[in-house]
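For reference, start.cif (mmCIF, C-alpha atoms):
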data_run
loop_
_atom_site.label_atom_id
_atom_site.label_comp_id
_atom_site.auth_asym_id
_atom_site.auth_seq_id
_atom_site.Cartn_x
_atom_site.Cartn_y
_atom_site.Cartn_z
CA GLU A 87 -55.03 154.85 -113.45
CA ARG A 88 -51.68 153.02 -113.58
CA LYS A 89 -53.01 150.58 -116.16
CA ILE A 90 -50.77 149.06 -118.82
CA LEU A 91 -51.35 150.55 -122.26
CA ARG A 92 -48.61 148.79 -124.20
CA PHE A 93 -45.26 147.11 -123.65
CA THR A 94 -42.26 145.89 -125.63
CA PRO A 95 -41.42 142.17 -125.77
CA GLN A 96 -38.17 142.72 -123.84
CA VAL A 97 -40.04 143.82 -120.72
CA ARG A 98 -41.22 140.24 -120.23
CA ASN A 99 -37.83 139.63 -118.61
CA LEU A 100 -39.03 141.90 -115.82
CA PHE A 101 -42.78 141.32 -115.63
CA ASN A 102 -44.77 138.16 -116.27
CA LEU A 103 -46.78 139.80 -119.02
CA ILE A 104 -49.01 138.37 -121.71
CA PRO A 105 -50.95 140.32 -124.37
CA THR A 106 -54.20 140.15 -122.40
CA ASP A 107 -52.53 142.06 -119.53
CA VAL A 108 -53.00 145.29 -121.46
CA GLY A 109 -55.55 147.30 -119.48
CA ARG A 110 -54.65 145.73 -116.12
CA PRO A 111 -53.11 147.80 -113.28
CA ILE A 112 -49.36 147.36 -113.19
CA ILE A 113 -49.43 146.49 -109.48
CA ASP A 114 -51.46 143.39 -110.31
CA ILE A 115 -48.64 142.01 -112.46
CA ALA A 116 -45.99 139.82 -110.86
CA ALA A 117 -42.56 141.41 -111.20
CA ASN A 118 -39.19 139.70 -111.41
CA PHE A 119 -37.57 142.36 -109.19
CA GLU A 120 -38.03 144.11 -105.85
CA CYS A 121 -39.28 147.71 -105.97
CA PRO A 122 -41.81 148.29 -103.16
CA SER A 123 -42.29 151.96 -104.05
CA LEU A 124 -43.05 151.40 -107.75
CA GLU A 125 -46.69 152.51 -107.56
CA GLU A 126 -45.82 155.55 -105.43
CA ASP A 127 -42.99 156.47 -107.79
CA ILE A 128 -45.29 156.32 -110.83
CA THR A 129 -47.87 158.45 -109.03
CA GLU A 130 -45.25 161.02 -108.07
CA VAL A 131 -43.98 161.27 -111.65
CA ILE A 132 -47.48 161.85 -113.01
CA GLU A 133 -48.52 164.35 -110.35
CA ARG A 134 -45.29 166.33 -110.12
CA LEU A 135 -44.14 165.93 -113.72
CA ALA A 136 -40.82 164.76 -112.32
CA ILE A 137 -38.46 162.07 -113.55
CA LYS A 138 -37.46 159.26 -111.23
CA GLN A 139 -34.56 156.90 -111.68
CA THR A 140 -33.37 153.99 -109.60
CA GLU A 141 -31.45 150.74 -109.92
CA ILE A 142 -33.20 147.40 -109.54
CA LYS A 143 -31.97 143.83 -109.30
CA THR A 144 -33.93 140.92 -110.72
CA LYS A 145 -34.38 137.55 -109.07
CA THR A 146 -31.93 136.12 -111.61
CA GLY A 147 -29.20 138.60 -110.60
CA GLU A 148 -29.46 141.04 -113.49
CA TRP A 149 -29.25 144.78 -112.83
CA TYR A 150 -31.31 147.45 -114.60
CA THR A 151 -31.73 151.19 -114.40
CA LEU A 152 -35.44 151.92 -114.05
CA ARG A 153 -36.43 155.34 -115.36
CA ILE A 154 -39.96 156.69 -114.99
CA ILE A 155 -40.91 159.75 -117.02
CA PRO A 156 -44.24 161.55 -117.65
CA TYR A 157 -46.00 160.48 -120.84
CA ARG A 158 -47.08 163.49 -122.90
CA THR A 159 -49.50 163.34 -125.80
CA LEU A 160 -49.04 165.34 -129.00
CA ASN A 161 -51.20 168.03 -127.37
CA ASN A 162 -48.77 168.18 -124.43
CA PHE A 163 -51.30 166.51 -122.14
CA ILE A 164 -49.96 164.26 -119.38
CA SER A 165 -51.80 160.97 -119.72
CA GLY A 166 -49.62 158.59 -117.75
CA ALA A 167 -46.01 157.52 -117.40
CA VAL A 168 -43.40 155.60 -119.36
CA LEU A 169 -41.15 153.06 -117.66
CA THR A 170 -37.85 152.22 -119.34
CA PHE A 171 -35.44 149.52 -118.19
CA THR A 172 -31.78 149.67 -119.24
CA LEU A 173 -29.60 146.62 -118.62
CA ILE A 174 -26.52 147.62 -116.57
CA THR A 175 -25.35 144.25 -115.25
CA THR A 176 -21.90 144.52 -116.86
CA SER A 177 -21.21 148.03 -115.58
CA LYS A 178 -22.57 147.12 -112.14
CA GLN A 179 -20.27 144.10 -111.94
CA LEU A 180 -17.36 146.30 -113.00
CA LYS A 181 -18.13 148.76 -110.20
CA TYR A 182 -18.10 145.92 -107.67
CA LYS A 183 -14.85 144.64 -109.14
CA ILE A 184 -13.22 148.08 -108.97
CA LYS A 185 -14.43 148.58 -105.39
CA ALA A 186 -12.96 145.25 -104.30
CA LEU A 187 -9.71 146.01 -106.15
CA LYS A 188 -9.50 149.46 -104.52
CA ASN A 189 -9.88 147.93 -101.07
CA TYR A 190 -7.23 145.31 -101.81
CA THR A 191 -4.67 147.70 -103.29
CA SER A 192 -5.30 150.25 -100.52
CA GLU A 193 -4.09 147.65 -98.04
CA VAL A 194 -1.09 146.94 -100.27
CA VAL A 195 -0.22 150.65 -100.50
CA ASN A 196 -0.43 151.16 -96.75
CA GLY A 197 1.71 148.09 -96.11
CA LEU A 198 4.62 149.15 -98.33
CA ASN A 199 7.87 150.60 -96.98
CA ASN A 200 8.34 152.76 -100.08
CA ALA A 201 6.43 155.93 -100.91
CA ALA A 202 3.36 154.65 -102.76
CA ILE A 203 -0.01 155.76 -104.08
CA GLN A 204 -3.00 154.24 -105.82
CA LEU A 205 -4.36 155.93 -108.97
CA ASP A 206 -7.74 155.52 -110.64
CA ASN A 207 -8.19 155.24 -114.42
CA GLU A 208 -8.09 159.05 -114.71
CA LEU A 209 -4.75 159.15 -112.86
CA ASN A 210 -6.24 160.78 -109.78
CA ILE A 211 -4.83 159.79 -106.38
CA LEU A 212 -7.14 157.41 -104.50
CA THR A 213 -4.88 156.19 -101.70
CA VAL A 214 -1.60 157.54 -100.36
CA ASN A 215 0.60 155.99 -97.67
CA GLN A 216 2.45 157.73 -94.86
CA GLN A 217 5.80 157.19 -96.52
CA PHE A 218 4.62 159.16 -99.55
CA LEU A 219 3.32 162.02 -97.38
CA GLN A 220 6.60 162.16 -95.45
CA PHE A 221 8.69 161.88 -98.61
CA PHE A 222 7.04 164.92 -100.22
CA GLN A 223 6.23 166.71 -96.94
CA VAL A 224 2.53 167.09 -97.82
CA LYS A 225 -0.81 166.53 -96.11
CA GLU A 226 -3.18 163.78 -97.26
CA LYS A 227 -6.03 166.21 -97.99
CA SER A 228 -3.79 168.17 -100.37
CA VAL A 229 -3.13 165.14 -102.60
CA LYS A 230 -6.01 162.67 -102.23
CA ASN A 231 -8.51 162.84 -105.11
CA HIS A 232 -6.19 165.23 -106.96
CA SER A 233 -4.40 164.69 -110.28
CA PHE A 234 -1.11 162.88 -109.83
CA ILE A 235 0.13 164.36 -113.11
CA ASP A 236 -0.30 167.88 -111.71
CA PHE A 237 1.27 166.87 -108.41
CA ILE A 238 4.36 165.24 -109.86
CA LYS A 239 4.95 168.10 -112.32
CA HIS A 240 5.17 170.41 -109.32
CA HIS A 241 7.54 168.16 -107.35
CA SER A 242 9.69 166.64 -110.08
CA SER A 243 11.84 167.89 -112.94
CA SER A 244 11.55 164.64 -114.92
CA PRO A 245 9.84 165.48 -118.24
CA ASN A 246 8.71 162.00 -119.34
CA LEU A 247 6.60 160.89 -116.36
CA GLU A 248 3.25 161.91 -117.84
CA LYS A 249 3.93 159.91 -121.00
CA LEU A 250 5.12 156.96 -118.91
CA LEU A 251 1.90 156.88 -116.90
CA HIS A 252 -0.29 157.14 -119.99
CA ASP A 253 1.73 154.39 -121.69
CA CYS A 254 1.30 152.22 -118.59
CA GLN A 255 -2.43 152.87 -118.62
CA ARG A 256 -2.86 152.12 -122.32
CA SER A 257 -0.56 149.10 -122.57
CA GLY A 258 -1.35 147.49 -119.23
CA ASN A 259 2.37 146.88 -118.73
CA GLN A 260 4.56 147.84 -115.79
CA MET A 261 6.67 150.92 -116.48
CA ASN A 262 9.78 152.17 -114.70
CA SER A 263 11.67 155.43 -115.05
CA PRO A 264 14.33 157.44 -113.23
CA ILE A 265 12.81 160.41 -111.42
CA LYS A 266 14.34 163.64 -110.15
CA ILE A 267 12.71 165.00 -107.02
CA ASN A 268 13.05 168.75 -106.66
CA ALA A 269 13.50 168.59 -102.88
CA ASN A 270 16.12 165.81 -103.06
CA THR A 271 18.36 166.69 -105.98
CA ASP A 272 21.35 164.86 -104.50
CA ARG A 273 19.63 161.45 -104.60
CA THR A 274 18.48 159.19 -107.41
CA TYR A 275 15.01 157.63 -107.43
CA GLU A 276 12.98 155.34 -109.64
CA LEU A 277 9.25 155.61 -110.27
CA SER A 278 7.52 152.27 -110.79
CA ALA A 279 3.97 152.17 -112.24
CA ASN A 280 2.17 148.84 -111.87
CA PRO A 281 -1.23 148.55 -113.62
CA PHE A 282 -4.17 146.38 -112.55
CA VAL A 283 -5.88 145.32 -115.77
CA ASP A 284 -9.32 143.79 -116.28
CA GLU A 285 -8.60 141.31 -119.07
CA THR A 286 -12.30 140.84 -119.86
CA ILE A 287 -12.62 144.44 -121.09
CA GLY A 288 -8.96 145.20 -121.75
CA GLU A 289 -8.86 148.25 -119.49
CA THR A 290 -6.51 149.40 -116.76
CA LEU A 291 -8.65 149.95 -113.68
CA LEU A 292 -6.02 151.12 -111.18
CA ILE A 293 -2.30 151.88 -111.11
CA LEU A 294 0.00 151.35 -108.15
CA VAL A 295 2.85 153.87 -108.17
CA MET A 296 5.96 153.52 -106.00
CA ILE A 297 8.97 155.77 -105.64
CA ILE A 298 12.09 153.81 -104.77
CA GLU A 299 15.55 155.09 -103.92
CA SER A 300 18.03 153.70 -106.43
#

What's the structure tokens form of this structure?
Amino acid sequence: ERKILRFTPQVRNLFNLIPTDVGRPIIDIAANFECPSLEEDITEVIERLAIKQTEIKTKTGEWYTLRIIPYRTLNNFISGAVLTFTLITTSKQLKYKIKALKNYTSEVVNGLNNAAIQLDNELNILTVNQQFLQFFQVKEKSVKNHSFIDFIKHHSSSPNLEKLLHDCQRSGNQMNSPIKINANTDRTYELSANPFVDETIGETLLILVMIIES
């Protein structure tokens, strides 16, 4: 019947609950977040024995993951639903920060005269400029979202580049190294790895890599 059976004290950050609200329908309780389909979602979970999960934002700007699961008794009888709220404000803010940083560095990459790419924190290629594609004679779809480590091993005979990139990622410091390009053995190049570090968590979010003719 969608009535409240019990609740933890922490849920008062999300609903204006008092002890005497036990037994009242949940839709009668004022919530501190917008979720118009809450009643329908609870009903669907109970009737279909499904699990529903969504993200909600409170009026105070906090983000939570709302998870609704069927409530089973010891006799395996479905007698309602359980709502759990997991605070994700920090991770949500980090996602926004990374998205904004990706957009910014993508513009930087595309505006450079040198061959350049943008890597995520797993060293996969997010953005690649035309100079890079022309330099290696490759198509964008063959490199974007692929491992840069695998790519550079195939196109370079320099053995220390993987270690350099991991050191750059771990230390948050710019790293530079000579690089031998298989297709241009008569020229000398330098690979420059420039990390973008979030000082609040001490992690490298993105790496800007450039290949410069020495």

- Message: So that I can check the surroundings of Gln220 of chain A, please list as number ranges by chain every protein, DNA and RNA residue that reaches within 9 Å of it, counting only C-alpha atoms and ignoring chain neighbours fewer than 5 positions away.
- Response: A: 201, 215, 225

- Using the chain letters and numbers from the file, give me the residues hit by the PyMOL selection byres ((chain A and resi 221) around 12), as a list in words. Asn199, Asn200, Ala201, Ala202, Ile203, Val214, Asn215, Gln216, Gln217, Phe218, Leu219, Gln220, Phe222, Gln223, Val224, Lys225, His241, Ile267, Asn268, Ala269, Asn270, Tyr275, Met296, Ile297, Ile298 and Glu299 of chain A

- Of the residues A:Ile128, A:Ser243, A:Thr176, A:Pro281, which is the one nearest to Asp206 of chain A, using only C-alpha atoms?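 Checking each of A:Ile128, A:Ser243, A:Thr176, A:Pro281 against Asp206 of chain A, counting only C-alpha atoms, the winner is A:Pro281.
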
- Item | 6 Å contact set for segment 228-240 of chain A, only C-alpha atoms, chain neighbours under 2 positions out, as a PyMOL selection string | chain A and resi 210-212+225-226+242

Residues from the last selection, C-alpha atoms, saved as a PDB file, in the frame of the given file:
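The resulting file, selection-v8.pdb, is shown below:
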ATOM      1  CA  ASN A 210      -6.240 160.780-109.780  1.00  0.00           C
ATOM      2  CA  ILE A 211      -4.830 159.790-106.380  1.00  0.00           C
ATOM      3  CA  LEU A 212      -7.140 157.410-104.500  1.00  0.00           C
ATOM      4  CA  LYS A 225      -0.810 166.530 -96.110  1.00  0.00           C
ATOM      5  CA  GLU A 226      -3.180 163.780 -97.260  1.00  0.00           C
ATOM      6  CA  SER A 242       9.690 166.640-110.080  1.00  0.00           C
TER       7      SER A 242
END

- Decode the PyMOL selection byres ((chain A and resi 135-151) around 6) for the given file into explicit residues and return them as a ChimeraX atom specification. /A:118-119,131-134,152-156,171-175

- What is the distance, in Å and to one decimal place, between atom CA of Met261 of chain A and atom CA of Ile287 of chain A? 20.9 Å

- Message: Given the PyMOL selection byres ((chain A and resi 91-107) around 7) and the file above, list the residues it selects as a list in words.
- Response: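 Checked against the file, the PyMOL selection byres ((chain A and resi 91-107) around 7) matches Lys89, Ile90, Val108, Gly109, Arg110, Ile115, Ala116, Ala117, Asn118 and Phe119 of chain A.
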
- Item | Shell around segment 178-193 of chain A at 8 Å using only C-alpha atoms, local window under 3 positions removed, as a list in words | Trp149, Ile174, Thr175, Asn196, Gly197, Gln204, Thr213, Leu291, Leu292 and Leu294 of chain A

Selection to disk with C-alpha atoms, as a PDB file, keeping the file's coordinate frame:
ATOM      1  CA  TRP A 149     -29.250 144.780-112.830  1.00  0.00           C
ATOM      2  CA  ILE A 174     -26.520 147.620-116.570  1.00  0.00           C
ATOM      3  CA  THR A 175     -25.350 144.250-115.250  1.00  0.00           C
ATOM      4  CA  ASN A 196      -0.430 151.160 -96.750  1.00  0.00           C
ATOM      5  CA  GLY A 197       1.710 148.090 -96.110  1.00  0.00           C
ATOM      6  CA  GLN A 204      -3.000 154.240-105.820  1.00  0.00           C
ATOM      7  CA  THR A 213      -4.880 156.190-101.700  1.00  0.00           C
ATOM      8  CA  LEU A 291      -8.650 149.950-113.680  1.00  0.00           C
ATOM      9  CA  LEU A 292      -6.020 151.120-111.180  1.00  0.00           C
ATOM     10  CA  LEU A 294       0.000 151.350-108.150  1.00  0.00           C
TER      11      LEU A 294
END

- Task: Just give me the gap between atom CA of Asn280 of chain A and atom CA of Ile293 of chain A in Å, one decimal is fine.
- Result: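 Those two atoms sit 5.5 Å apart.
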
- Query: Expressed in Å to a single decimal, how great is the separation between atom CA of Tyr157 of chain A and atom CA of Asp127 of chain A?
  - Reply: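 Value for the atom CA of Tyr157 of chain A-atom CA of Asp127 of chain A distance: 14.0 Å.
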
- Counting all atoms listed in the file, figure out which residue out of A:Thr274, A:Glu289, A:Lys227, A:Leu209 gets nearest to Leu251 of chain A.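 Among the listed residues, A:Leu209 lies closest to Leu251 of chain A.
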
Fix up segment 131-157 of chain A with N, CA, C and O atoms, then write it as a PDB file, in the frame of the given file.
ATOM      1  N   VAL A 131     -44.397 160.781-110.338  1.00  0.00           N
ATOM      2  CA  VAL A 131     -43.980 161.270-111.650  1.00  0.00           C
ATOM      3  C   VAL A 131     -45.148 161.928-112.370  1.00  0.00           C
ATOM      4  O   VAL A 131     -45.001 163.010-112.972  1.00  0.00           O
ATOM      5  N   ILE A 132     -46.305 161.318-112.309  1.00  0.00           N
ATOM      6  CA  ILE A 132     -47.480 161.850-113.010  1.00  0.00           C
ATOM      7  C   ILE A 132     -47.947 163.156-112.364  1.00  0.00           C
ATOM      8  O   ILE A 132     -48.279 164.133-113.056  1.00  0.00           O
ATOM      9  N   GLU A 133     -47.975 163.184-111.044  1.00  0.00           N
ATOM     10  CA  GLU A 133     -48.520 164.350-110.350  1.00  0.00           C
ATOM     11  C   GLU A 133     -47.549 165.530-110.323  1.00  0.00           C
ATOM     12  O   GLU A 133     -47.962 166.685-110.393  1.00  0.00           O
ATOM     13  N   ARG A 134     -46.267 165.251-110.227  1.00  0.00           N
ATOM     14  CA  ARG A 134     -45.290 166.330-110.120  1.00  0.00           C
ATOM     15  C   ARG A 134     -44.542 166.604-111.421  1.00  0.00           C
ATOM     16  O   ARG A 134     -43.717 167.509-111.478  1.00  0.00           O
ATOM     17  N   LEU A 135     -44.818 165.815-112.425  1.00  0.00           N
ATOM     18  CA  LEU A 135     -44.140 165.930-113.720  1.00  0.00           C
ATOM     19  C   LEU A 135     -42.624 165.836-113.534  1.00  0.00           C
ATOM     20  O   LEU A 135     -41.840 166.520-114.191  1.00  0.00           O
ATOM     21  N   ALA A 136     -42.236 164.974-112.604  1.00  0.00           N
ATOM     22  CA  ALA A 136     -40.820 164.760-112.320  1.00  0.00           C
ATOM     23  C   ALA A 136     -40.342 163.520-113.046  1.00  0.00           C
ATOM     24  O   ALA A 136     -41.125 162.772-113.620  1.00  0.00           O
ATOM     25  N   ILE A 137     -39.063 163.294-113.006  1.00  0.00           N
ATOM     26  CA  ILE A 137     -38.460 162.070-113.550  1.00  0.00           C
ATOM     27  C   ILE A 137     -37.800 161.335-112.394  1.00  0.00           C
ATOM     28  O   ILE A 137     -37.065 161.938-111.613  1.00  0.00           O
ATOM     29  N   LYS A 138     -38.067 160.057-112.290  1.00  0.00           N
ATOM     30  CA  LYS A 138     -37.460 159.260-111.230  1.00  0.00           C
ATOM     31  C   LYS A 138     -36.593 158.177-111.841  1.00  0.00           C
ATOM     32  O   LYS A 138     -36.940 157.586-112.866  1.00  0.00           O
ATOM     33  N   GLN A 139     -35.473 157.932-111.187  1.00  0.00           N
ATOM     34  CA  GLN A 139     -34.560 156.900-111.680  1.00  0.00           C
ATOM     35  C   GLN A 139     -33.980 156.130-110.508  1.00  0.00           C
ATOM     36  O   GLN A 139     -33.606 156.717-109.491  1.00  0.00           O
ATOM     37  N   THR A 140     -33.928 154.827-110.654  1.00  0.00           N
ATOM     38  CA  THR A 140     -33.370 153.990-109.600  1.00  0.00           C
ATOM     39  C   THR A 140     -32.775 152.739-110.236  1.00  0.00           C
ATOM     40  O   THR A 140     -32.994 152.464-111.418  1.00  0.00           O
ATOM     41  N   GLU A 141     -32.027 152.006-109.452  1.00  0.00           N
ATOM     42  CA  GLU A 141     -31.450 150.740-109.920  1.00  0.00           C
ATOM     43  C   GLU A 141     -32.201 149.589-109.265  1.00  0.00           C
ATOM     44  O   GLU A 141     -32.504 149.649-108.072  1.00  0.00           O
ATOM     45  N   ILE A 142     -32.489 148.570-110.045  1.00  0.00           N
ATOM     46  CA  ILE A 142     -33.200 147.400-109.540  1.00  0.00           C
ATOM     47  C   ILE A 142     -32.419 146.146-109.876  1.00  0.00           C
ATOM     48  O   ILE A 142     -31.661 146.107-110.851  1.00  0.00           O
ATOM     49  N   LYS A 143     -32.620 145.122-109.071  1.00  0.00           N
ATOM     50  CA  LYS A 143     -31.970 143.830-109.300  1.00  0.00           C
ATOM     51  C   LYS A 143     -33.041 142.763-109.441  1.00  0.00           C
ATOM     52  O   LYS A 143     -33.949 142.664-108.615  1.00  0.00           O
ATOM     53  N   THR A 144     -32.942 141.963-110.488  1.00  0.00           N
ATOM     54  CA  THR A 144     -33.930 140.920-110.720  1.00  0.00           C
ATOM     55  C   THR A 144     -33.614 139.693-109.880  1.00  0.00           C
ATOM     56  O   THR A 144     -32.522 139.563-109.314  1.00  0.00           O
ATOM     57  N   LYS A 145     -34.561 138.793-109.827  1.00  0.00           N
ATOM     58  CA  LYS A 145     -34.380 137.550-109.070  1.00  0.00           C
ATOM     59  C   LYS A 145     -33.309 136.652-109.681  1.00  0.00           C
ATOM     60  O   LYS A 145     -32.793 135.748-109.021  1.00  0.00           O
ATOM     61  N   THR A 146     -32.968 136.916-110.942  1.00  0.00           N
ATOM     62  CA  THR A 146     -31.930 136.120-111.610  1.00  0.00           C
ATOM     63  C   THR A 146     -30.559 136.802-111.540  1.00  0.00           C
ATOM     64  O   THR A 146     -29.605 136.330-112.154  1.00  0.00           O
ATOM     65  N   GLY A 147     -30.481 137.940-110.799  1.00  0.00           N
ATOM     66  CA  GLY A 147     -29.200 138.600-110.600  1.00  0.00           C
ATOM     67  C   GLY A 147     -28.828 139.646-111.616  1.00  0.00           C
ATOM     68  O   GLY A 147     -27.711 140.164-111.589  1.00  0.00           O
ATOM     69  N   GLU A 148     -29.736 139.987-112.517  1.00  0.00           N
ATOM     70  CA  GLU A 148     -29.460 141.040-113.490  1.00  0.00           C
ATOM     71  C   GLU A 148     -29.784 142.407-112.886  1.00  0.00           C
ATOM     72  O   GLU A 148     -30.692 142.542-112.076  1.00  0.00           O
ATOM     73  N   TRP A 149     -29.030 143.415-113.303  1.00  0.00           N
ATOM     74  CA  TRP A 149     -29.250 144.780-112.830  1.00  0.00           C
ATOM     75  C   TRP A 149     -29.774 145.646-113.959  1.00  0.00           C
ATOM     76  O   TRP A 149     -29.317 145.547-115.103  1.00  0.00           O
ATOM     77  N   TYR A 150     -30.743 146.504-113.642  1.00  0.00           N
ATOM     78  CA  TYR A 150     -31.310 147.450-114.600  1.00  0.00           C
ATOM     79  C   TYR A 150     -31.424 148.830-113.972  1.00  0.00           C
ATOM     80  O   TYR A 150     -31.592 148.955-112.756  1.00  0.00           O
ATOM     81  N   THR A 151     -31.335 149.844-114.812  1.00  0.00           N
ATOM     82  CA  THR A 151     -31.730 151.190-114.400  1.00  0.00           C
ATOM     83  C   THR A 151     -33.187 151.376-114.791  1.00  0.00           C
ATOM     84  O   THR A 151     -33.537 151.233-115.967  1.00  0.00           O
ATOM     85  N   LEU A 152     -34.025 151.652-113.805  1.00  0.00           N
ATOM     86  CA  LEU A 152     -35.440 151.920-114.050  1.00  0.00           C
ATOM     87  C   LEU A 152     -35.646 153.426-114.096  1.00  0.00           C
ATOM     88  O   LEU A 152     -35.316 154.129-113.132  1.00  0.00           O
ATOM     89  N   ARG A 153     -36.169 153.907-115.200  1.00  0.00           N
ATOM     90  CA  ARG A 153     -36.430 155.340-115.360  1.00  0.00           C
ATOM     91  C   ARG A 153     -37.908 155.543-115.634  1.00  0.00           C
ATOM     92  O   ARG A 153     -38.471 154.910-116.532  1.00  0.00           O
ATOM     93  N   ILE A 154     -38.521 156.399-114.848  1.00  0.00           N
ATOM     94  CA  ILE A 154     -39.960 156.690-114.990  1.00  0.00           C
ATOM     95  C   ILE A 154     -40.103 158.148-115.393  1.00  0.00           C
ATOM     96  O   ILE A 154     -39.624 159.052-114.700  1.00  0.00           O
ATOM     97  N   ILE A 155     -40.744 158.379-116.530  1.00  0.00           N
ATOM     98  CA  ILE A 155     -40.910 159.750-117.020  1.00  0.00           C
ATOM     99  C   ILE A 155     -42.384 159.990-117.366  1.00  0.00           C
ATOM    100  O   ILE A 155     -43.131 159.057-117.670  1.00  0.00           O
ATOM    101  N   PRO A 156     -42.842 161.252-117.278  1.00  0.00           N
ATOM    102  CA  PRO A 156     -44.240 161.550-117.650  1.00  0.00           C
ATOM    103  C   PRO A 156     -44.474 161.259-119.135  1.00  0.00           C
ATOM    104  O   PRO A 156     -43.601 161.502-119.968  1.00  0.00           O
ATOM    105  N   TYR A 157     -45.652 160.738-119.445  1.00  0.00           N
ATOM    106  CA  TYR A 157     -46.000 160.480-120.840  1.00  0.00           C
ATOM    107  C   TYR A 157     -46.871 161.632-121.340  1.00  0.00           C
ATOM    108  O   TYR A 157     -47.956 161.889-120.826  1.00  0.00           O
TER     109      TYR A 157
END
